[in-house]
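Asks: What follows is model-v9.cif; its format and atoms are mmCIF, C-alpha atoms.
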```cif
data_query
#
loop_
_atom_site.label_atom_id
_atom_site.label_comp_id
_atom_site.auth_asym_id
_atom_site.auth_seq_id
_atom_site.Cartn_x
_atom_site.Cartn_y
_atom_site.Cartn_z
CA MET B 1 117.11 114.99 83.88
CA ALA B 2 115.33 111.66 83.69
CA PHE B 3 113.66 112.78 80.46
CA LEU B 4 117.05 112.67 78.72
CA TYR B 5 117.41 108.92 79.12
CA PRO B 6 114.61 108.01 76.67
CA VAL B 7 116.14 110.43 74.15
CA MET B 8 119.57 108.82 74.48
CA LYS B 9 118.06 105.34 74.47
CA HIS B 10 115.72 105.60 71.53
CA VAL B 11 117.39 108.17 69.30
CA VAL B 12 121.13 108.20 69.93
CA ALA B 13 121.34 104.47 70.72
CA ARG B 14 119.42 103.52 67.59
CA THR B 15 121.71 105.66 65.48
CA ALA B 16 124.78 104.12 67.11
CA ARG B 17 123.45 100.62 66.49
CA LEU B 18 122.99 101.43 62.81
CA VAL B 19 126.58 102.67 62.59
CA TYR B 20 128.35 100.01 64.64
CA ARG B 21 125.93 97.10 64.14
CA PRO B 22 127.07 95.37 67.34
CA VAL B 23 126.74 91.60 67.53
CA VAL B 24 124.71 90.76 70.65
CA ASP B 25 124.41 87.24 72.07
CA GLY B 26 122.39 86.03 75.04
CA LEU B 27 120.17 89.06 75.49
CA GLU B 28 117.41 86.70 76.61
CA ASN B 29 119.47 85.98 79.75
CA ILE B 30 118.62 89.42 81.16
CA PRO B 31 115.40 89.30 83.22
CA THR B 32 112.71 91.56 81.76
CA ASP B 33 111.93 93.01 85.19
CA GLY B 34 113.18 92.95 88.76
CA PRO B 35 116.66 93.73 90.09
CA VAL B 36 119.65 92.43 88.16
CA ILE B 37 123.38 93.10 88.25
CA LEU B 38 125.23 93.21 84.94
CA ALA B 39 128.89 92.40 85.64
CA ALA B 40 131.14 93.18 82.68
CA ASN B 41 134.75 93.35 81.65
CA HIS B 42 135.96 96.87 80.97
CA LEU B 43 138.12 97.72 77.95
CA SER B 44 137.14 101.29 77.14
CA PHE B 45 135.11 104.28 78.26
CA ILE B 46 132.74 103.39 75.44
CA ASP B 47 131.64 100.24 77.34
CA SER B 48 129.33 102.41 79.42
CA VAL B 49 127.64 103.52 76.21
CA VAL B 50 127.52 100.11 74.54
CA ILE B 51 125.79 98.29 77.41
CA PRO B 52 122.75 100.61 77.70
CA MET B 53 122.70 100.81 73.89
CA VAL B 54 122.00 97.07 73.53
CA VAL B 55 120.05 96.28 76.72
CA PRO B 56 116.28 96.91 76.40
CA ARG B 57 115.97 97.89 80.08
CA ARG B 58 117.20 101.07 81.71
CA VAL B 59 120.68 100.41 83.10
CA SER B 60 122.34 102.48 85.83
CA PHE B 61 126.06 102.86 86.46
CA LEU B 62 128.15 104.56 89.11
CA ALA B 63 130.33 107.38 87.76
CA LYS B 64 132.86 109.57 89.53
CA ALA B 65 131.30 112.70 91.00
CA GLU B 66 133.64 114.97 89.04
CA TYR B 67 131.55 114.29 85.93
CA PHE B 68 128.60 116.00 87.62
CA THR B 69 130.23 118.90 89.46
CA GLY B 70 131.88 120.86 86.68
CA THR B 71 130.98 124.48 86.00
CA GLY B 72 130.17 126.42 82.88
CA LEU B 73 129.05 124.96 79.57
CA LYS B 74 131.43 122.02 79.76
CA GLY B 75 130.20 121.09 83.21
CA SER B 76 126.58 121.36 82.13
CA LEU B 77 127.12 119.20 79.06
CA SER B 78 128.97 116.61 81.14
CA ARG B 79 126.12 116.38 83.68
CA ARG B 80 123.52 116.03 80.96
CA PHE B 81 125.49 113.43 79.06
CA PHE B 82 126.18 111.15 82.01
CA SER B 83 122.68 111.57 83.42
CA SER B 84 121.25 110.62 80.04
CA LEU B 85 123.25 107.38 80.15
CA GLY B 86 121.78 106.48 83.53
CA HIS B 87 124.97 107.22 85.46
CA VAL B 88 124.75 108.07 89.16
CA PRO B 89 127.44 110.28 90.78
CA VAL B 90 129.59 108.80 93.52
CA HIS B 91 132.72 109.98 95.31
CA ARG B 92 135.72 107.68 95.44
CA GLY B 93 138.97 107.31 97.30
CA SER B 94 138.22 105.82 100.73
CA GLY B 95 136.49 102.89 102.38
CA ARG B 96 133.65 105.18 103.38
CA ASP B 97 133.21 106.23 99.75
CA ALA B 98 133.16 102.57 98.70
CA ARG B 99 130.41 101.83 101.22
CA ALA B 100 128.42 104.82 99.98
CA ALA B 101 128.78 103.52 96.42
CA LEU B 102 127.45 100.12 97.44
CA ASP B 103 124.55 101.78 99.26
CA THR B 104 123.70 103.75 96.13
CA ALA B 105 123.74 100.58 94.06
CA ALA B 106 121.56 98.87 96.68
CA GLU B 107 118.95 101.63 96.32
CA ILE B 108 118.87 101.14 92.55
CA LEU B 109 118.45 97.38 92.90
CA ALA B 110 115.81 97.80 95.63
CA ARG B 111 113.72 99.71 93.08
CA GLY B 112 113.83 96.64 90.87
CA ASP B 113 116.17 98.23 88.33
CA ALA B 114 119.21 96.96 86.42
CA PHE B 115 122.65 98.00 87.64
CA ALA B 116 125.94 97.54 85.77
CA ILE B 117 129.36 97.22 87.37
CA TYR B 118 132.92 96.45 86.27
CA PRO B 119 134.32 93.98 88.84
CA GLU B 120 137.90 94.82 87.85
CA GLY B 121 137.30 98.30 89.26
CA THR B 122 138.63 100.19 86.26
CA ARG B 123 139.25 99.59 82.58
CA SER B 124 142.01 97.22 81.55
CA LEU B 125 145.08 99.00 80.23
CA ASP B 126 146.55 95.87 78.63
CA GLY B 127 143.43 94.21 77.24
CA ARG B 128 143.59 91.34 79.73
CA LEU B 129 140.98 90.46 82.36
CA HIS B 130 142.21 91.22 85.86
CA ARG B 131 141.33 89.91 89.31
CA GLY B 132 137.92 91.09 90.45
CA ARG B 133 137.26 93.25 93.48
CA THR B 134 134.70 91.93 95.92
CA GLY B 135 132.26 94.85 95.78
CA VAL B 136 130.24 93.01 93.14
CA ALA B 137 129.92 89.95 95.40
CA ARG B 138 128.85 91.99 98.41
CA MET B 139 126.31 93.78 96.23
CA ALA B 140 124.89 90.49 94.97
CA LEU B 141 124.64 88.89 98.42
CA GLU B 142 123.16 91.96 100.10
CA SER B 143 120.55 92.56 97.39
CA GLY B 144 119.78 88.97 96.43
CA ALA B 145 119.79 90.08 92.79
CA PRO B 146 120.96 87.65 90.10
CA VAL B 147 124.23 88.47 88.36
CA VAL B 148 124.38 88.35 84.56
CA PRO B 149 128.02 88.14 83.38
CA VAL B 150 128.85 90.25 80.34
CA GLY B 151 131.71 89.81 77.91
CA ILE B 152 132.52 92.83 75.74
CA ILE B 153 134.80 92.39 72.73
CA GLY B 154 136.26 95.06 70.47
CA THR B 155 135.61 98.30 72.36
CA ASP B 156 139.32 98.70 73.04
CA LYS B 157 139.64 99.16 69.28
CA VAL B 158 136.68 101.58 69.11
CA GLN B 159 138.21 103.97 71.60
CA PRO B 160 141.70 102.91 72.73
CA VAL B 161 143.08 104.33 75.97
CA GLY B 162 144.13 107.92 75.26
CA SER B 163 142.00 108.25 72.13
CA ARG B 164 139.62 111.22 71.93
CA PHE B 165 137.41 110.04 69.09
CA PRO B 166 135.76 106.64 68.52
CA LYS B 167 136.47 104.51 65.46
CA ILE B 168 134.01 102.31 63.59
CA VAL B 169 135.12 98.73 64.25
CA PRO B 170 133.18 95.52 65.05
CA VAL B 171 131.87 95.17 68.61
CA THR B 172 130.42 92.07 70.25
CA VAL B 173 128.52 91.90 73.54
CA ARG B 174 127.78 88.51 75.11
CA PHE B 175 125.42 88.01 78.05
CA GLY B 176 125.78 84.81 80.04
CA GLU B 177 123.18 82.91 82.02
CA PRO B 178 122.18 84.55 85.34
CA LEU B 179 124.20 83.48 88.37
CA ASP B 180 122.23 82.77 91.55
CA PHE B 181 124.12 83.13 94.82
CA SER B 182 121.21 82.53 97.20
CA ARG B 183 123.17 79.59 98.63
CA TYR B 184 125.29 82.20 100.43
CA ASP B 185 122.39 84.05 102.08
CA GLY B 186 123.53 85.76 105.27
CA MET B 187 127.22 85.29 104.47
CA GLN B 188 127.96 88.69 102.94
CA ASP B 189 130.50 89.47 105.67
CA SER B 190 132.59 86.37 105.01
CA LEU B 191 135.70 87.34 103.08
CA PRO B 192 136.29 83.81 101.71
CA VAL B 193 132.70 83.73 100.44
CA LEU B 194 133.04 87.18 98.86
CA ARG B 195 136.23 86.09 97.13
CA SER B 196 134.65 82.84 95.91
CA VAL B 197 131.60 84.64 94.49
CA THR B 198 133.76 87.29 92.83
CA ASP B 199 136.01 84.68 91.25
CA GLU B 200 133.01 82.77 89.91
CA ILE B 201 131.69 85.95 88.28
CA ILE B 202 135.10 86.80 86.81
CA TYR B 203 135.57 83.30 85.37
CA ARG B 204 132.19 83.50 83.65
CA ILE B 205 133.13 86.88 82.18
CA LEU B 206 136.38 85.29 81.03
CA ASP B 207 134.45 82.55 79.21
CA LEU B 208 132.39 85.19 77.40
CA SER B 209 135.15 87.67 76.55
CA GLY B 210 137.91 85.23 75.62
CA GLN B 211 140.54 87.44 77.25
CA GLU B 212 143.75 86.33 78.89
CA TYR B 213 143.36 86.29 82.68
CA VAL B 214 145.75 87.97 85.13
CA ASP B 215 145.48 87.04 88.81
CA ALA B 216 146.35 90.55 89.94
CA TYR B 217 144.37 93.74 90.42
CA GLN B 218 144.33 96.36 87.71
CA LYS B 219 145.89 99.65 88.80
CA THR B 220 143.90 102.75 89.85
CA PRO B 221 140.69 100.95 90.88
CA VAL B 222 137.53 103.02 91.49
CA ALA B 223 136.01 102.95 94.95
CA ALA B 224 132.68 101.82 93.55
CA ALA B 225 134.09 98.36 92.94
CA ALA B 226 136.43 98.13 95.92
#
```
I need this file expressed as structure tokens, please.

Replies:
Amino acid sequence: MAFLYPVMKHVVARTARLVYRPVVDGLENIPTDGPVILAANHLSFIDSVVIPMVVPRRVSFLAKAEYFTGTGLKGSLSRRFFSSLGHVPVHRGSGRDARAALDTAAEILARGDAFAIYPEGTRSLDGRLHRGRTGVARMALESGAPVVPVGIIGTDKVQPVGSRFPKIVPVTVRFGEPLDFSRYDGMQDSLPVLRSVTDEIIYRILDLSGQEYVDAYQKTPVAAAA
């Protein structure tokens, strides 16, 4: 269903931009080609629509496999929708699933594509930025791809947790300068290094989003960001 992505990108995304008129800062910090990891805070389901809406490049995400395995009309519409957004199905729940998710992300980056991840593991239920999980650091060190921190503001008001329909409220997306972690080449199995890299990414996201920080994991994390 690769043909659906251009439709979503150039038709639906343009319409959404006209409606929401998002404020976008630092777009020039995203490399025009080559692998790049977009590491963002996560306030709402709509974040996974906003990021590809404003980024000129194709952006891939990991999404739970249940979105792609449904039956009937609802299942078909779900598969088409998430495929059109560049989402890739992944199972979650165990360490093996987390490794498979990282391998899938590695394949995307090896193709020279852009990959987006939420280091917190799941969306924030209280609007604060929570401690990051080290999957993003392992991904960066294994791939060698630069990490562009992303601060998203206002999407929790567009579609609050539990809300079925989005509201039209201001949204801001800020992209920070790329982070280069080549100084840690070959150290992707060092837990202190992984924690240090993750914390550096989270603190840059914090600068961009202006959220309050909580040094504790958000509940119900997804395996993709374990």

Asks: Just to confirm, what's the straight-line distance from CA of Pro166 (chain B) to CA of Ile153 (chain B) in Å (one decimal)?

Replies: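 A separation of 14.9 Å between them.
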
Asks: Please indicate the distance in Å from CA of Arg128 (chain B) to CA of Ile205 (chain B), rounded to one decimal place.

Replies: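 So the two atoms, CA of Arg128 (chain B) and CA of Ile205 (chain B), lie 11.6 Å apart.
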
Asks: Env of Ser124 (chain B): 8 Å cut, atoms = all atoms listed in the file, seq-sep filter 5 positions within chain, self excluded. Answer as an mmCIF file with C-alpha atoms, in the frame of the given file.

Replies:
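Listed below is the output, selection-v6.cif:
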```cif
data_model
loop_
_atom_site.group_PDB
_atom_site.id
_atom_site.type_symbol
_atom_site.label_atom_id
_atom_site.label_comp_id
_atom_site.auth_asym_id
_atom_site.auth_seq_id
_atom_site.Cartn_x
_atom_site.Cartn_y
_atom_site.Cartn_z
ATOM 1 C CA HIS B 42 135.960 96.870 80.970
ATOM 2 C CA LEU B 43 138.120 97.720 77.950
ATOM 3 C CA SER B 44 137.140 101.290 77.140
ATOM 4 C CA LEU B 129 140.980 90.460 82.360
ATOM 5 C CA HIS B 130 142.210 91.220 85.860
ATOM 6 C CA GLN B 218 144.330 96.360 87.710
#
```

Asks: Which residue, B:Ile46, B:Ala110, B:Leu27, B:Ala39, has the smallest gap to Asp156 (chain B) when you use all atoms listed in the file?

Replies: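 Residue with the minimum atom-to-atom distance to Asp156 (chain B): B:Ile46.
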
Asks: Tell me which of B:Ile202, B:Val158, B:Val50, B:Met139 sits closest to Glu120 (chain B), counting only C-alpha atoms.

Replies: B:Ile202

Asks: Between CA of Val24 (chain B) and CA of Leu125 (chain B), measure the distance and give it in Å to one decimal.

Replies: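 Going from CA of Val24 (chain B) over to CA of Leu125 (chain B), I get 24.0 Å.
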
Asks: Using only C-alpha atoms for the distances, tell me which of B:Asp126, B:Glu28, B:Arg164, B:Arg111 is nearest to Glu212 (chain B).

Replies: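 Using only C-alpha atoms, the shortest distance to Glu212 (chain B) belongs to B:Asp126.
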
Asks: I'd like the contact shell of Leu179 (chain B) - 8 Å cut-off, all atoms listed in the file, skipping same-chain residues fewer than 4 positions apart - returned as a PyMOL selection string.

Replies: chain B and resi 146-149+201

Asks: Taking the file as I've supplied it (selection: the PyMOL selection byres ((chain B and resi 196) around 12)), which residues are included? Please answer as JSON, numbers by chain.

Replies: {"B": [131, 132, 133, 134, 136, 137, 138, 141, 181, 184, 187, 188, 190, 191, 192, 193, 194, 195, 197, 198, 199, 200, 201, 202, 203]}

Asks: Can you write just those residues out, C-alpha atoms, as a PDB file, in the frame of the given file?

Replies:
```pdb
ATOM      1  CA  ARG B 131     141.330  89.910  89.310  1.00  0.00           C
ATOM      2  CA  GLY B 132     137.920  91.090  90.450  1.00  0.00           C
ATOM      3  CA  ARG B 133     137.260  93.250  93.480  1.00  0.00           C
ATOM      4  CA  THR B 134     134.700  91.930  95.920  1.00  0.00           C
ATOM      5  CA  VAL B 136     130.240  93.010  93.140  1.00  0.00           C
ATOM      6  CA  ALA B 137     129.920  89.950  95.400  1.00  0.00           C
ATOM      7  CA  ARG B 138     128.850  91.990  98.410  1.00  0.00           C
ATOM      8  CA  LEU B 141     124.640  88.890  98.420  1.00  0.00           C
ATOM      9  CA  PHE B 181     124.120  83.130  94.820  1.00  0.00           C
ATOM     10  CA  TYR B 184     125.290  82.200 100.430  1.00  0.00           C
ATOM     11  CA  MET B 187     127.220  85.290 104.470  1.00  0.00           C
ATOM     12  CA  GLN B 188     127.960  88.690 102.940  1.00  0.00           C
ATOM     13  CA  SER B 190     132.590  86.370 105.010  1.00  0.00           C
ATOM     14  CA  LEU B 191     135.700  87.340 103.080  1.00  0.00           C
ATOM     15  CA  PRO B 192     136.290  83.810 101.710  1.00  0.00           C
ATOM     16  CA  VAL B 193     132.700  83.730 100.440  1.00  0.00           C
ATOM     17  CA  LEU B 194     133.040  87.180  98.860  1.00  0.00           C
ATOM     18  CA  ARG B 195     136.230  86.090  97.130  1.00  0.00           C
ATOM     19  CA  VAL B 197     131.600  84.640  94.490  1.00  0.00           C
ATOM     20  CA  THR B 198     133.760  87.290  92.830  1.00  0.00           C
ATOM     21  CA  ASP B 199     136.010  84.680  91.250  1.00  0.00           C
ATOM     22  CA  GLU B 200     133.010  82.770  89.910  1.00  0.00           C
ATOM     23  CA  ILE B 201     131.690  85.950  88.280  1.00  0.00           C
ATOM     24  CA  ILE B 202     135.100  86.800  86.810  1.00  0.00           C
ATOM     25  CA  TYR B 203     135.570  83.300  85.370  1.00  0.00           C
TER      26      TYR B 203
END
```

Asks: Would you kindly identify which residues have an atom no farther than 10 Å from (124.5, 99.3, 97.6), using only C-alpha atoms and the file's own coordinates, and write them out as a PDB file with C-alpha atoms, in the coordinates of the input?

Replies:
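Below is the file that was written, point_6.pdb:
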```pdb
ATOM      1  CA  ALA B  98     133.160 102.570  98.700  1.00  0.00           C
ATOM      2  CA  ARG B  99     130.410 101.830 101.220  1.00  0.00           C
ATOM      3  CA  ALA B 100     128.420 104.820  99.980  1.00  0.00           C
ATOM      4  CA  ALA B 101     128.780 103.520  96.420  1.00  0.00           C
ATOM      5  CA  LEU B 102     127.450 100.120  97.440  1.00  0.00           C
ATOM      6  CA  ASP B 103     124.550 101.780  99.260  1.00  0.00           C
ATOM      7  CA  THR B 104     123.700 103.750  96.130  1.00  0.00           C
ATOM      8  CA  ALA B 105     123.740 100.580  94.060  1.00  0.00           C
ATOM      9  CA  ALA B 106     121.560  98.870  96.680  1.00  0.00           C
ATOM     10  CA  GLU B 107     118.950 101.630  96.320  1.00  0.00           C
ATOM     11  CA  ILE B 108     118.870 101.140  92.550  1.00  0.00           C
ATOM     12  CA  LEU B 109     118.450  97.380  92.900  1.00  0.00           C
ATOM     13  CA  ALA B 110     115.810  97.800  95.630  1.00  0.00           C
ATOM     14  CA  GLY B 135     132.260  94.850  95.780  1.00  0.00           C
ATOM     15  CA  VAL B 136     130.240  93.010  93.140  1.00  0.00           C
ATOM     16  CA  ARG B 138     128.850  91.990  98.410  1.00  0.00           C
ATOM     17  CA  MET B 139     126.310  93.780  96.230  1.00  0.00           C
ATOM     18  CA  ALA B 140     124.890  90.490  94.970  1.00  0.00           C
ATOM     19  CA  GLU B 142     123.160  91.960 100.100  1.00  0.00           C
ATOM     20  CA  SER B 143     120.550  92.560  97.390  1.00  0.00           C
ATOM     21  CA  ALA B 224     132.680 101.820  93.550  1.00  0.00           C
TER      22      ALA B 224
END
```

Asks: Which protein, DNA or RNA residues have an atom at most 10 Å from (119.6, 98.1, 76.8), counting all atoms listed in the file? List them as a PyMOL selection string.

Replies: chain B and resi 9-10+13+27+30+49-59+114

Asks: From the set B:Asp47, B:Ile168, B:Gly127, B:Thr122, which residue has the shortest atom-to-atom contact distance to Tyr217 (chain B), counting only C-alpha atoms?

Replies: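 Checking each candidate against Tyr217 (chain B), we get B:Thr122 as the closest.
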
Asks: Given the PyMOL selection byres ((chain B and resi 173) around 9) and the file above, list the residues it selects as number ranges by chain.

Replies: B: 22-26, 50-51, 54, 150-154, 171-172, 174-175, 208-209

Asks: For the file shown, what are the residues hit by the PyMOL selection byres ((chain B and resi 33) around 8), laid out as a PyMOL selection string?

Replies: chain B and resi 31-32+34-35+112-113

Asks: Identify which of the residues B:Lys74, B:Tyr118, B:Arg21, B:Pro170 lies closest to Phe45 (chain B), counting all atoms listed in the file when measuring atom-to-atom distances.

Replies: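 Smallest distance to Phe45 (chain B) is found for B:Tyr118.
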
Asks: Rank nothing, just name the residue among B:Lys219, B:Asp189, B:Ser182, B:Gly144 nearest to Arg123 (chain B), using all atoms listed in the file.

Replies: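 Of the candidates, the smallest distance to Arg123 (chain B) is held by B:Lys219.
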